[in-house]
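**Student:** My structure file my_file15.csv, CSV, C-alpha atoms, is below:
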chain,number,residue,atom,x,y,z
A,1,MET,CA,-25.4,-14.8,-1.5
A,2,PHE,CA,-22.3,-12.7,-0.8
A,3,LEU,CA,-22.0,-11.6,2.8
A,4,SER,CA,-19.5,-9.1,4.0
A,5,TYR,CA,-18.5,-8.4,7.6
A,6,THR,CA,-16.3,-6.1,9.4
A,7,GLU,CA,-14.1,-8.1,11.7
A,8,ALA,CA,-11.9,-7.0,14.5
A,9,GLU,CA,-9.8,-9.3,16.6
A,10,ILE,CA,-8.0,-7.8,19.6
A,11,ILE,CA,-6.5,-10.5,21.8
A,12,ASP,CA,-3.6,-11.1,24.1
A,13,ASN,CA,-2.6,-7.5,24.5
A,14,GLY,CA,-1.1,-6.0,27.6
A,15,ASN,CA,1.9,-7.0,29.7
A,16,ALA,CA,1.9,-8.4,33.2
A,17,ILE,CA,4.7,-6.1,34.1
A,18,ALA,CA,3.2,-3.0,32.6
A,19,PRO,CA,2.7,-0.2,35.2
A,20,PRO,CA,-0.9,0.4,36.3
A,21,GLU,CA,-1.1,3.7,34.5
A,22,ALA,CA,-0.1,2.1,31.3
A,23,GLY,CA,-3.5,0.6,31.0
A,24,SER,CA,-3.3,-2.9,29.6
A,25,ALA,CA,-6.5,-3.1,27.7
A,26,GLY,CA,-7.6,-4.5,24.4
A,27,ILE,CA,-9.0,-1.1,23.4
A,28,SER,CA,-8.5,2.1,25.4
A,29,LEU,CA,-10.6,5.1,24.7
A,30,VAL,CA,-9.5,8.4,26.4
A,31,ASP,CA,-10.7,12.0,26.4
A,32,SER,CA,-13.8,12.3,24.1
A,33,SER,CA,-12.9,9.5,21.8
A,34,VAL,CA,-15.4,7.3,20.1
A,35,PHE,CA,-15.7,3.6,19.2
A,36,SER,CA,-18.7,2.5,17.2
A,37,GLN,CA,-19.4,-0.7,15.3
A,38,THR,CA,-22.5,-1.9,13.6
A,39,GLY,CA,-22.7,-5.6,12.8
A,40,GLY,CA,-19.8,-7.9,11.9
A,41,ASP,CA,-17.6,-9.6,14.4
A,42,LEU,CA,-15.7,-8.2,17.3
A,43,THR,CA,-13.5,-10.2,19.6
A,44,ILE,CA,-11.6,-8.5,22.5
A,45,THR,CA,-10.2,-11.1,24.9
A,46,ASN,CA,-7.2,-12.2,27.0
A,47,SER,CA,-5.8,-8.8,28.0
A,48,ALA,CA,-3.0,-9.1,30.5
A,49,GLY,CA,-1.5,-6.7,33.0
A,50,SER,CA,-2.0,-5.3,36.5
A,51,ALA,CA,-5.7,-4.5,35.7
A,52,PRO,CA,-6.6,-6.4,32.6
A,53,ILE,CA,-9.5,-4.9,30.8
A,54,GLY,CA,-11.1,-5.8,27.5
A,55,MET,CA,-12.2,-2.3,26.7
A,56,ALA,CA,-11.6,0.8,28.8
A,57,ALA,CA,-13.5,4.0,28.1
A,58,ASP,CA,-12.6,7.1,30.0
A,59,ASN,CA,-14.7,10.2,29.3
A,60,SER,CA,-15.5,8.6,25.9
A,61,THR,CA,-18.3,6.9,24.0
A,62,VAL,CA,-18.9,3.3,23.0
A,63,ALA,CA,-21.8,2.4,20.7
A,64,LEU,CA,-22.1,-1.2,19.6
A,65,ARG,CA,-25.1,-2.5,17.7
A,66,MET,CA,-24.5,-6.1,16.9
A,67,ALA,CA,-26.8,-8.8,15.4
A,68,ALA,CA,-29.0,-10.4,18.1
A,69,ASN,CA,-27.7,-13.8,17.2
A,70,SER,CA,-24.1,-12.8,16.8
A,71,GLN,CA,-21.7,-15.6,18.1
A,72,ALA,CA,-18.5,-13.7,17.5
A,73,PHE,CA,-19.1,-10.7,19.6
A,74,SER,CA,-17.1,-11.0,22.8
A,75,ILE,CA,-15.5,-8.5,25.2
A,76,SER,CA,-13.9,-10.0,28.3
A,77,SER,CA,-14.6,-6.9,30.4
A,78,LEU,CA,-15.6,-3.3,30.1
A,79,SER,CA,-14.5,-0.4,32.2
A,80,LEU,CA,-16.4,2.9,32.0
A,81,THR,CA,-15.0,5.8,33.9
A,82,PHE,CA,-15.4,9.6,34.3
A,83,GLY,CA,-18.5,10.2,32.3
A,84,ALA,CA,-18.0,7.5,29.6
A,85,ARG,CA,-21.1,6.4,27.8
A,86,ALA,CA,-21.7,2.9,26.4
A,87,THR,CA,-24.7,1.7,24.4
A,88,LEU,CA,-24.6,-2.0,23.7
A,89,MET,CA,-27.3,-3.5,21.6
A,90,GLY,CA,-27.8,-7.1,20.6
A,91,SER,CA,-26.5,-10.3,22.1
A,92,ILE,CA,-23.6,-9.3,24.4
A,93,LEU,CA,-22.1,-12.7,25.2
A,94,ASN,CA,-19.4,-11.9,27.7
A,95,ILE,CA,-20.7,-8.7,29.2
A,96,SER,CA,-23.5,-9.4,31.6
A,97,CYS,CA,-26.2,-6.8,31.6
A,98,ASP,CA,-26.4,-6.8,35.3
A,99,GLY,CA,-23.1,-5.0,35.4
A,100,LYS,CA,-21.1,-7.7,37.1
A,101,ASP,CA,-18.5,-7.7,34.5
A,102,VAL,CA,-18.6,-3.9,33.9
A,103,LEU,CA,-16.9,-1.3,36.0
A,104,ILE,CA,-19.1,1.8,36.0
A,105,ARG,CA,-17.7,4.8,37.8
A,106,PRO,CA,-19.8,7.8,37.3
A,107,SER,CA,-20.7,6.8,33.8
A,108,GLU,CA,-23.8,5.8,31.8
A,109,TYR,CA,-24.4,2.3,30.6
A,110,THR,CA,-27.2,1.0,28.5
A,111,CYS,CA,-27.5,-2.7,27.7
A,112,LYS,CA,-30.4,-3.9,25.5
B,1,MET,CA,49.3,6.5,-43.0
B,2,GLN,CA,46.4,8.8,-42.8
B,3,TYR,CA,44.2,6.5,-44.8
B,4,GLN,CA,45.1,3.5,-42.8
B,5,SER,CA,44.3,5.4,-39.6
B,6,ARG,CA,40.9,6.4,-40.9
B,7,ARG,CA,40.1,2.8,-41.9
B,8,PHE,CA,41.1,1.7,-38.5
B,9,GLY,CA,39.0,4.4,-36.9
B,10,LEU,CA,35.9,3.3,-38.8
B,11,ALA,CA,36.4,-0.3,-37.9
B,12,GLN,CA,36.8,0.6,-34.3
B,13,LEU,CA,33.7,2.8,-34.3
B,14,SER,CA,31.7,0.0,-35.8
B,15,PHE,CA,32.9,-2.4,-33.2
B,16,HIS,CA,32.0,0.0,-30.4
B,17,ILE,CA,28.5,0.6,-31.8
B,18,PHE,CA,27.7,-3.1,-32.1
B,19,THR,CA,29.1,-3.7,-28.6
B,20,LEU,CA,27.1,-0.9,-27.1
B,21,LEU,CA,23.8,-1.4,-28.9
B,22,PRO,CA,22.4,-3.9,-26.3
B,23,LEU,CA,23.4,-1.7,-23.4
B,24,LEU,CA,21.8,1.4,-25.0
B,25,SER,CA,18.4,-0.4,-24.9
B,26,LEU,CA,18.6,-0.6,-21.1
B,27,PRO,CA,16.9,1.9,-18.9
B,28,LEU,CA,19.1,4.0,-16.6
B,29,GLY,CA,20.0,3.2,-13.0
B,30,GLY,CA,21.2,-0.3,-13.3
B,31,ALA,CA,17.8,-1.4,-14.4
B,32,LEU,CA,17.1,-4.5,-16.5
B,33,ALA,CA,14.0,-4.5,-18.8
B,34,ASP,CA,11.8,-7.6,-18.6
B,35,PRO,CA,9.8,-8.0,-21.8
B,36,ALA,CA,7.1,-9.9,-19.9
B,37,GLN,CA,6.4,-6.9,-17.7
B,38,PRO,CA,4.2,-4.0,-18.8
B,39,ALA,CA,5.9,-0.7,-19.6
B,40,GLY,CA,7.4,1.3,-16.8
B,41,ARG,CA,10.7,1.7,-15.1
B,42,ILE,CA,12.2,-1.4,-13.6
B,43,VAL,CA,15.0,-1.3,-10.9
B,44,ASN,CA,17.0,-4.3,-9.8
B,45,CYS,CA,18.6,-3.3,-6.5
B,46,ASP,CA,20.6,-6.5,-6.3
B,47,HIS,CA,22.4,-5.4,-9.5
B,48,GLY,CA,23.3,-1.8,-8.6
B,49,GLY,CA,19.9,-0.2,-9.3
B,50,ARG,CA,18.9,2.7,-7.1
B,51,LEU,CA,15.3,2.9,-6.2
B,52,ALA,CA,15.7,6.3,-4.5
B,53,VAL,CA,17.1,7.8,-7.8
B,54,ALA,CA,14.3,6.3,-9.8
B,55,VAL,CA,11.7,7.7,-7.4
B,56,ARG,CA,13.5,11.1,-7.4
B,57,ASN,CA,13.3,11.3,-11.2
B,58,ALA,CA,9.8,10.0,-11.5
B,59,ARG,CA,6.9,11.9,-13.1
B,60,PRO,CA,3.3,12.0,-11.9
B,61,GLY,CA,1.5,8.8,-12.8
B,62,ASP,CA,4.7,6.8,-13.2
B,63,THR,CA,5.0,3.1,-12.1
B,64,ILE,CA,8.4,1.9,-10.7
B,65,ARG,CA,8.8,-1.8,-10.4
B,66,PHE,CA,11.7,-3.1,-8.4
B,67,THR,CA,13.3,-6.4,-7.3
B,68,GLY,CA,15.9,-7.3,-4.7
B,69,THR,CA,16.8,-5.5,-1.5
B,70,CYS,CA,17.2,-1.7,-1.7
B,71,LYS,CA,19.3,-0.5,1.2
B,72,GLU,CA,18.4,3.2,1.0
B,73,GLN,CA,16.0,5.8,2.2
B,74,VAL,CA,13.3,6.7,-0.2
B,75,THR,CA,11.4,10.0,-0.3
B,76,ILE,CA,8.3,10.3,-2.5
B,77,THR,CA,7.4,13.8,-3.7
B,78,THR,CA,5.6,12.8,-6.9
B,79,ASP,CA,1.8,12.6,-7.2
B,80,ARG,CA,0.2,9.3,-8.3
B,81,LEU,CA,3.4,7.4,-8.2
B,82,THR,CA,3.2,3.6,-7.9
B,83,ILE,CA,6.1,1.6,-6.4
B,84,ASP,CA,5.6,-2.2,-7.0
B,85,GLY,CA,7.9,-4.8,-5.4
B,86,GLN,CA,6.3,-7.4,-7.7
B,87,GLU,CA,5.7,-11.1,-7.0
B,88,SER,CA,9.2,-11.4,-5.5
B,89,GLN,CA,8.1,-8.9,-2.8
B,90,GLY,CA,11.0,-6.4,-3.1
B,91,ILE,CA,12.6,-5.1,0.1
B,92,ILE,CA,13.4,-1.6,1.3
B,93,ASP,CA,15.9,-2.2,4.1
B,94,GLY,CA,17.1,0.4,6.5
B,95,GLU,CA,20.0,-1.5,7.9
B,96,ASP,CA,22.6,0.6,6.1
B,97,ALA,CA,20.4,3.7,5.6
B,98,THR,CA,20.3,6.7,7.9
B,99,CYS,CA,17.4,8.7,9.3
B,100,PRO,CA,18.8,12.2,8.7
B,101,ASP,CA,16.9,14.0,11.4
B,102,VAL,CA,18.4,11.6,13.8
B,103,ASP,CA,21.9,11.2,12.4
B,104,SER,CA,22.8,14.3,10.3
B,105,GLY,CA,22.1,16.9,12.9
B,106,ASN,CA,20.7,19.1,10.2
B,107,PRO,CA,17.4,20.6,11.5
B,108,THR,CA,16.2,21.6,8.1
B,109,GLU,CA,16.4,18.1,6.8
B,110,LYS,CA,13.7,16.4,8.8
B,111,ILE,CA,13.1,12.9,7.6
B,112,ALA,CA,11.3,10.6,10.0
B,113,GLY,CA,10.8,7.5,7.9
B,114,LEU,CA,12.8,5.0,5.8
B,115,VAL,CA,10.1,5.7,3.3
B,116,GLU,CA,8.7,9.2,3.3
B,117,ILE,CA,5.6,10.2,1.5
B,118,ASP,CA,5.6,14.0,1.5
B,119,ALA,CA,2.8,16.2,0.5
B,120,VAL,CA,1.6,14.2,-2.5
B,121,GLN,CA,-1.7,12.4,-3.4
B,122,GLY,CA,-2.6,9.1,-5.0
B,123,VAL,CA,0.6,7.2,-4.2
B,124,ILE,CA,0.4,3.4,-4.2
B,125,LEU,CA,2.9,1.1,-2.5
B,126,GLN,CA,2.3,-2.6,-3.3
B,127,ASN,CA,3.9,-6.0,-2.9
B,128,LEU,CA,6.9,-4.9,-0.9
B,129,THR,CA,8.5,-5.1,2.6
B,130,VAL,CA,9.9,-2.2,4.5
B,131,GLN,CA,12.2,-3.4,7.3
B,132,ASN,CA,14.9,-2.5,9.8
B,133,SER,CA,14.3,1.2,9.7
B,134,LEU,CA,16.3,3.2,12.2
B,135,CYS,CA,13.2,5.5,12.5
B,136,ASP,CA,9.6,5.0,11.4
B,137,GLY,CA,9.1,2.5,8.6
B,138,ILE,CA,6.8,4.7,6.5
B,139,PHE,CA,6.1,8.3,7.4
B,140,PHE,CA,3.2,10.1,5.8
B,141,ARG,CA,3.2,13.9,5.8
B,142,GLY,CA,0.1,15.5,4.5
B,143,SER,CA,-0.3,12.8,1.8
B,144,SER,CA,-2.8,10.2,0.6
B,145,ALA,CA,-1.6,6.7,-0.3
B,146,THR,CA,-2.7,3.1,-0.6
B,147,LEU,CA,-0.6,0.3,0.9
B,148,ARG,CA,-1.5,-3.0,-0.7
B,149,ASN,CA,0.2,-6.3,0.3
B,150,VAL,CA,2.8,-4.3,2.3
B,151,THR,CA,4.8,-5.6,5.3
B,152,VAL,CA,6.5,-3.1,7.6
B,153,LYS,CA,8.6,-4.8,10.3
B,154,ASP,CA,11.3,-4.3,12.8
B,155,SER,CA,11.4,-0.5,12.7
B,156,ALA,CA,13.1,1.3,15.6
B,157,ASP,CA,10.1,3.6,15.9
B,158,ASP,CA,6.6,3.1,14.5
B,159,GLY,CA,5.7,0.9,11.5
B,160,ILE,CA,3.5,3.7,10.1
B,161,ASP,CA,3.5,7.2,11.4
B,162,SER,CA,1.3,10.0,10.0
B,163,GLU,CA,0.4,13.6,10.1
B,164,GLN,CA,-2.6,14.9,8.2
B,165,ALA,CA,-2.6,11.8,6.0
B,166,GLY,CA,-5.2,9.7,4.3
B,167,ILE,CA,-4.2,6.0,4.2
B,168,THR,CA,-5.9,3.0,2.6
B,169,LEU,CA,-4.7,-0.4,3.8
B,170,GLU,CA,-5.3,-3.7,2.1
B,171,GLU,CA,-3.8,-7.1,3.0
B,172,SER,CA,-0.9,-5.7,4.9
B,173,SER,CA,0.9,-6.4,8.2
B,174,PHE,CA,2.9,-4.2,10.7
B,175,THR,CA,4.8,-6.3,13.1
B,176,GLY,CA,7.8,-6.3,15.3
B,177,ASN,CA,8.1,-2.5,15.3
B,178,HIS,CA,9.7,-1.2,18.5
B,179,GLU,CA,7.0,1.4,19.2
B,180,ASN,CA,3.5,1.2,17.6
B,181,GLY,CA,2.3,-0.7,14.6
B,182,MET,CA,0.6,2.4,13.3
B,183,ASN,CA,0.5,5.9,14.8
B,184,LEU,CA,-2.3,8.0,13.4
B,185,SER,CA,-2.1,11.6,14.5
B,186,ASN,CA,-3.0,15.2,13.7
B,187,ASN,CA,-6.2,14.7,11.7
B,188,SER,CA,-5.2,11.6,9.8
B,189,THR,CA,-7.6,9.1,8.4
B,190,ALA,CA,-6.9,5.4,7.8
B,191,ASN,CA,-9.3,3.0,6.1
B,192,VAL,CA,-8.8,-0.7,6.7
B,193,PHE,CA,-10.3,-1.4,3.3
B,194,LYS,CA,-9.9,-5.0,2.3
B,195,ASP,CA,-8.7,-8.4,3.5
B,196,VAL,CA,-6.7,-8.8,6.7
B,197,VAL,CA,-4.7,-6.0,8.0
B,198,SER,CA,-2.7,-6.9,11.2
B,199,PHE,CA,-0.8,-4.9,13.8
B,200,ASN,CA,0.6,-7.7,15.9
B,201,ASP,CA,3.6,-8.1,18.2
B,202,ASN,CA,4.7,-4.5,18.3
B,203,GLY,CA,6.6,-2.8,21.2
B,204,ARG,CA,3.8,-0.7,22.6
B,205,PHE,CA,0.4,-0.2,20.9
B,206,GLY,CA,-0.9,-2.2,17.9
B,207,VAL,CA,-2.6,1.0,16.7
B,208,LEU,CA,-2.4,4.4,18.4
B,209,ILE,CA,-4.9,7.1,17.2
B,210,HIS,CA,-4.8,10.8,18.3
B,211,HIS,CA,-7.2,13.4,16.9
B,212,SER,CA,-7.7,11.0,13.9
B,213,LEU,CA,-10.1,8.4,12.5
B,214,LEU,CA,-9.6,4.7,11.8
B,215,PHE,CA,-12.4,3.1,9.8
B,216,VAL,CA,-12.7,-0.6,9.2
B,217,SER,CA,-14.7,-1.4,6.1
B,218,SER,CA,-17.0,-4.4,5.4
B,219,ASP,CA,-14.9,-7.2,3.8
B,220,ALA,CA,-12.0,-6.2,6.0
B,221,THR,CA,-10.5,-7.7,9.1
B,222,LEU,CA,-8.5,-5.7,11.6
B,223,GLU,CA,-6.1,-7.6,14.0
B,224,ALA,CA,-4.3,-6.0,16.9
B,225,ASN,CA,-2.9,-8.9,18.9
B,226,SER,CA,-0.1,-9.5,21.4
B,227,ASN,CA,1.0,-5.9,21.8
B,228,PRO,CA,2.5,-5.3,25.3
B,229,GLN,CA,0.6,-2.1,26.1
B,230,THR,CA,-2.8,-1.9,24.4
B,231,GLY,CA,-4.2,-3.4,21.2
B,232,ILE,CA,-5.9,-0.2,20.0
B,233,GLY,CA,-5.5,3.2,21.8
B,234,VAL,CA,-8.0,5.8,20.8
B,235,PHE,CA,-7.1,9.1,22.4
B,236,ALA,CA,-7.9,12.8,22.4
B,237,GLY,CA,-11.1,12.9,20.4
B,238,ALA,CA,-10.1,10.1,18.0
B,239,GLU,CA,-12.7,7.7,16.5
B,240,LEU,CA,-12.6,4.0,15.7
B,241,MET,CA,-15.5,2.9,13.5
B,242,GLY,CA,-16.5,-0.4,12.1
Is it possible to express this structure as structure tokens?
**Tutor:**
Amino acid sequence: MFLSYTEAEIIDNGNAIAPPEAGSAGISLVDSSVFSQTGGDLTITNSAGSAPIGMAADNSTVALRMAANSQAFSISSLSLTFGARATLMGSILNISCDGKDVLIRPSEYTCK
Amino acid sequence: MQYQSRRFGLAQLSFHIFTLLPLLSLPLGGALADPAQPAGRIVNCDHGGRLAVAVRNARPGDTIRFTGTCKEQVTITTDRLTIDGQESQGIIDGEDATCPDVDSGNPTEKIAGLVEIDAVQGVILQNLTVQNSLCDGIFFRGSSATLRNVTVKDSADDGIDSEQAGITLEESSFTGNHENGMNLSNNSTANVFKDVVSFNDNGRFGVLIHHSLLFVSSDATLEANSNPQTGIGVFAGAELMG
């Protein structure tokens, strides 16, 4: 059977000497932007910098619906700020649903 | 005397015809025809061929195949043009080319890319490398195009830059560009359609999206690794979808 996947690999981005405002993230979403993915593989790890973040969403929307047994879905950390919304469905390996690895500053976060 | 002269003239004419016949069968522009290749214009930049001239003279639907290293700026203004660097992965090199909007001081002649795709549809670039541009590697202005097995590296600005463009990417890489691997802006759309498309080791963002859409299809892999600022920046109402 032929299987097809969308794969995204975003690793080792950011620079330790980047100024804080530069935002050294794997993915940065700013001002009403959207990131959505259904299924497939997504790996966002090893961001560097003054405030290393896997994915940063500022006043934006993140919607990820991954397979419940996905082994290739990994985000090292998630920052939601200024009204960002994130809906994460499936097995979220490296984001704890108790919010310990998620910065939520007036934002909305759903983890199922 | 007159008769002798005429005989000599005929002999001389015959000599010239037989000498020139093989050359007359060659296409223009320093090109060499390869009988193993399908029909279409072939340019050998290592033997004096000018890719820019062939592109300028192309007609809609033409295919231009080239080999070697073409040290020139190329502007595409013809619909459905295919430029193929073939198995040898032809090179368009900006080391000796200029970016007129930077260097000429002529404000009416705005060229932002070593390869410009300007207000045309259905263009295909395949099996080629664009390198050492003094501005963007490839600039799309209101155009749609497919890049297939294309490498854009070491540009002084972005690898790809676009305004109101539709871009399909297959098995391509954008690396070592001093700004961003790809800069999608002003209602552009890019589809990572097939195989691995990578935006690694660029100077700022791997991919920067403003007011635009980047879509990653099934069967495709997007890589944005080791960029000093951010792997993928999605700004100002832009969308990234997988």
**Student:** Using all atoms listed in the file, can you tell me which of A:Met55, A:Ile75, A:Ala8, A:Ala48 comes closest to B:Gly233?
**Tutor:**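 Smallest distance to B:Gly233 is found for A:Met55.
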**Student:** Please report the interatomic distance between atom CA of B:Asp201 and atom CA of B:Leu125 in Å with one decimal.
**Tutor:**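 Pair atom CA of B:Asp201 / atom CA of B:Leu125 returns 22.7 Å.
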**Student:** Could you write out as JSON, numbers by chain the residues of chain A within 6 Å of chain B, counting all atoms listed in the file?
**Tutor:** {"A": [4, 5, 6, 7, 8, 9, 10, 11, 12, 13, 14, 15, 24, 25, 26, 27, 28, 29, 30, 31, 32, 33, 34, 35, 36, 37]}
**Student:** Write out as a list in words each polymer residue whose atoms come within 8 Å of B:Arg80, counting all atoms listed in the file; drop sequence neighbours fewer than 4 positions from it.
**Tutor:**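 Here the qualifying residues turn out to be Pro60, Gly61, Asp62, Val120, Gln121, Gly122, Val123 and Ile124 of chain B.
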**Student:** Find the distance between atom CA of B:Asn187 and atom CA of B:Gln164 and write it in Å to one decimal.
**Tutor:**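 Spanning atom CA of B:Asn187 to atom CA of B:Gln164 is a straight-line distance of 5.0 Å.
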**Student:** Could you tell me how far atom CA of A:Gly39 lies from atom CA of A:Val62, in Å and to one decimal?
**Tutor:**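 Here the two named atoms are 14.1 Å from each other.
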